[in-house]
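A short write-up of the structure that comes next.
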4 protein chains.
Amino acid sequence: MPAKATSASTRDNILSAATRVFARYGYEGGSVEKISRSAKSVDRMIYYYFGSKEGLFIEVLENAYRRMNDAELKLKLDTSQPIDGLNRVIGFVLSYYRKNPEFITLLNTENLQRGKHIAKSERAREYSSPAIAIISELLQNGIAQKLFRKDVSARNVYLLIVATAYFYMSNRFTLAAFLGENLQTTDAIDAWQSFISSTVLRSVLLKP
Amino acid sequence: MPAKATSASTRDNILSAATRVFARYGYEGGSVEKISRSAKSVDRMIYYYFGSKEGLFIEVLENAYRRMNDAELKLKLDTSQPIDGLNRVIGFVLSYYRKNPEFITLLNTENLQRGKHIAKSERAREYSSPAIAIISELLQNGIAQKLFRKDVSARNVYLLIVATAYFYMSNRFTLAAFLGENLQTTDAIDAWQSFISSTVLRSVLLKP
Amino acid sequence: MPAKATSASTRDNILSAATRVFARYGYEGGSVEKISRSAKSVDRMIYYYFGSKEGLFIEVLENAYRRMNDAELKLKLDTSQPIDGLNRVIGFVLSYYRKNPEFITLLNTENLQRGKHIAKSERAREYSSPAIAIISELLQNGIAQKLFRKDVSARNVYLLIVATAYFYMSNRFTLAAFLGENLQTTDAIDAWQSFISSTVLRSVLLKP
Amino acid sequence: MPAKATSASTRDNILSAATRVFARYGYEGGSVEKISRSAKSVDRMIYYYFGSKEGLFIEVLENAYRRMNDAELKLKLDTSQPIDGLNRVIGFVLSYYRKNPEFITLLNTENLQRGKHIAKSERAREYSSPAIAIISELLQNGIAQKLFRKDVSARNVYLLIVATAYFYMSNRFTLAAFLGENLQTTDAIDAWQSFISSTVLRSVLLKP
DNA sequence: CATGAATGAGCTTTCATTCAT
DNA sequence: CATGAATGAAAGCTCATTCAT
């Protein structure tokens with residue numbers, strides 16, 4: 001007699017299977033059957049717990065955002081060392097995308113759908129970006145220490161970091177074909193991180 | 001008697017319809033029927049001209065790459081003015097993505113499929129990147145004019161520009177929800193372009 | 001703390017919701033979920049109280065018959081005035097169908113199923129037709145008063161009245177499309193009632 | 001090697017199977033699979049030829065109306081004999097419903113749906129009622145021959161005939177349970193026809 | 001060169017119902 | 001007495017593709 005799955009675990013299994021499948025195949029490509037099979041459950045349960053495929057996708061998205069938010073919240077760092085702090089933020093972002101590539105494909109999938117699910121989600125909008133607040137603090141301390149320029153916005157620095165990290169991971173397959181390089185080796189990633197660090201610092205430092 | 005579509009135009013209609021549809025709905029979401037209807041033709045013609053849905057997608061991808069390549073080739077600029085030249089490259093890239101958003105979603109779609117189509121394409125690999133060559137020339141002239149640092153690679157500068165431009169357009173829907181801003185106004189895009197220009201220049205200038 | 005529905009009211013809610021839903025959508029179209037939602041209850045309760053969808057439908061049918069029977073029983077009229085009495089019966093039948101259109105669609109639904117539920121119901125067969133008895137009395141008095149012909153059966157007069165009233169209401173949608181008229185206005189119904197009265201009387205009167 | 005069905009016959013087979021199935025099980029109860037199996041075809045073909053289940057039902061309805069219309073058109077009778085003519089019309093209508101019971105259940109099904117399909121159909125509205133025109137002619141001749149009253153409308157006589165014939169067939173199952181009689185024997189039907197004839201004539205005759 | 005006809009497999013979703021406490 | 005959880009089967013429909021001329 002197989003162990004009976006509890007109600008909570010059935011739901012959770014479906015949710016994490018859906019995260020995997022949607023991230024791998026996109027929204028249309030991620031069929032209900034692929035998800036239920038991956039969750040070792042049956043199609044019907046998806047409708048029982050999430051109402052529809054779209055409802056499930058929305059919850060997957062909310063989850064992904066929440067995890068990113070939580071990870072940023074855990075990013076405790078000493079803001080009195082602004083240069084070191086910025087480097088740590090860069091390292092964190094690049095590392096997060098490397099370890100959670102599903103976050104990237106989920107966001108791409110949602111952007112393909114022009115953000116229509118995130119618009120329906122009530123919870124997703126609650127997530128502020130802890131990282132922007134951290135960067136803001138780092139910039140202020142850097143200015144106080146006569147290290148940083150005064151006219152740089154935390155939002156722009158945040159977007160610069162995210163854009164370079166995100167793009168590198170998101171487009172690694174077409175870039176590899178295009179550049180004729182393997183971008184996923186440790187060396188390649190380290191080199192990119194180092195270039196990004198240098199770029200970000202030069203954009204904020206008073207005297208590079 | 002209605003005008004008979006020529007063979008050439010039927011094929012062309014399908015190709016441009018497919019570009020539209022794949023860009024809008026992705027590979028799985030872009031059904032053969034959506035494409036044929038959008039091209040005012042019938043499913044059967046897609047198989048007649050392109051063999052399969054995958055064959056059609058590959059040709060759409062090749063086309064998109066070729067057009068980008070052609071556009072870069074037309075980017076004649078005076079490389080003796082390196083600072084101005086870099087700014088023009090940045091303006092070109094951002095503007096190209098704005099005017100050809102389908103290029104972005106097609107690349108995202110292909111990356112979701114882990115680049116499996118681009119791998120099958122023979123022509124796609126032929127496209128070098130004229131832009132990298134241009135940047136390389138600009139950097140060399142900048143170094144010769146004692147304006148630029150010596151240890152910056154054209155490939156990295158190119159990726160920096162592309163990443164920031166691409167990410168801004170690609171993720172405009174989720175970013176808008178996340179930041180609570182409209183990123184598609186002319187003012188917002190101009191501000192982003194200005195920040196990128198400043199960042200790129202600071203990363204290459206000897207004395208910012 | 002919300003008011004707890006009593007057991008009796010839950011059952012009653014389901015029964016009246018089922019009457020509405022079956023009358024509106026038919027037997028197959030009236031899903032268990034539509035009914036439970038309309039009754040502000042849950043699917044499970046239908047099985048708790050009625051055993052099955054079919055059991056619920058049978059009870060709905062029995063109910064409808066019983067209400068019709070009860071209404072006919074309340075039809076107290078002075079049978080010593082046979083002409084006036086017949087007109088009152090006609091008015092009653094037409095009016096009953098107008099006010100209880102669900103009775104018509106329930107019967108149509110049951111006839112579509114070839115009467116298989118009514119056959120299973122034990123109570124439904126108990127209902128005699130009080131109206132036939134009334135008509136019978138009216139005919140006898142009319143004969144005694146030398147007003148009516150002797151060779152007319154109460155059963156036929158009853159069916160004539162019911163057929164014309166039922167058909168007019170039952171087929172009002174297709175008739176409206178077919179005749180290009182609105183049959184549901186008060187004037188249209190009054191005119192039909194007047195024609196029926198005249199027809200019924202002429203069929204029984206000795207000297208019309 | 002089985003004989004290959006021609007394109008026309010596949011479509012026709014589906015249409016007549018659908019008429020049978022919808023008439024027997026109603027719209028909801030008449031599943032696409034029941035129809036395709038009955039037509040010895042497959043579900044997919046229904047969508048190929050009719051677009052949707054609803055599209056198929058509309059065509060079935062139009063067909064039923066057209067056949068009724070055609071049958072009435074073929075009803076050539078000598079209008080110079082008005083009494084005999086009316087009896088023939090009554091016989092025709094009752095006989096048509098007996099031989100085409102699917103017409104009745106299709107109309108009931110459509111009325112259950114409040115006529116929403118007939119409203120969408122463009123062709124269905126084209127069918128005038130040849131029978132009304134015939135009755136009109138009979139009434140005029142009857143008046144000219146001093147046989148009929150002047151103040152009777154052909155439309156009402158038509159509805160009277162149709163209502164009594166339709167109701168008798170449509171409700172034969174519940175009526176049988178209710179009256180405790182078998183209404184489908186030849187004797188029973190003949191008796192009903194005879195009563196209807198008498199009733200209709202009495203409603204139009206100057207001196208019954 | 002072009003196209004109408006056909007199709008098996010898969011899709012998302014809803015069906016009436018039972019399990020288990 | 002009442003109800004949350006679960007479910008196999010079937011529903012209507014769309015998928016990319018091939019047949020046959």
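Ligands are numbered from 1 in the order shown, chains are lettered A, B, ... in the order of the structure tokens, and residues start at 1 in each chain.
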
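All chain D residues having an atom within 8 Å of chain F, based on only C-alpha atoms (C1' of nucleotides), amount to Ser31, Val32 and Lys53 of chain D.
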
Distance query B:Asn182 at most 9 Å, only C-alpha atoms (C1' of nucleotides), self and fewer than 4 positions along chain excluded, as a ChimeraX atom specification: /B:172-173,175-177,188

Stretch 45-140 of chain D: residues DSSP assigns to helix (DSSP H, G or I), reported as a ChimeraX atom specification: /D:45-50,53-73,82-99,101-112,116-120,124-126,130-140

Surrounding residues of A:Ile134 excluding itself and chain neighbours under 3 positions, 9 Å, only C-alpha atoms (C1' of nucleotides), as JSON, numbers by chain: {"A": [75, 77, 79, 85, 89, 130, 131, 137, 138, 139, 154]}

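What chain E places within 10 Å of chain B, counting only C-alpha atoms (C1' of nucleotides), is E:DC1, E:DA2, E:DT3, E:DG4.
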
Interface residues on chain A facing chain B, 9 Å, only C-alpha atoms, written as a PyMOL selection string: chain A and resi 23-29+105+107-116+118-119+124-129+156+159-160+162-168+170-174+176-180+192+195-196+198-204+207-208

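Between atom C1' of E:DT13 and atom CA of C:Leu15 there is a distance of 27.0 Å.
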
Two-atom distance - atom CA of B:Thr186, atom CA of B:Asn69 (Å): 25.8 Å
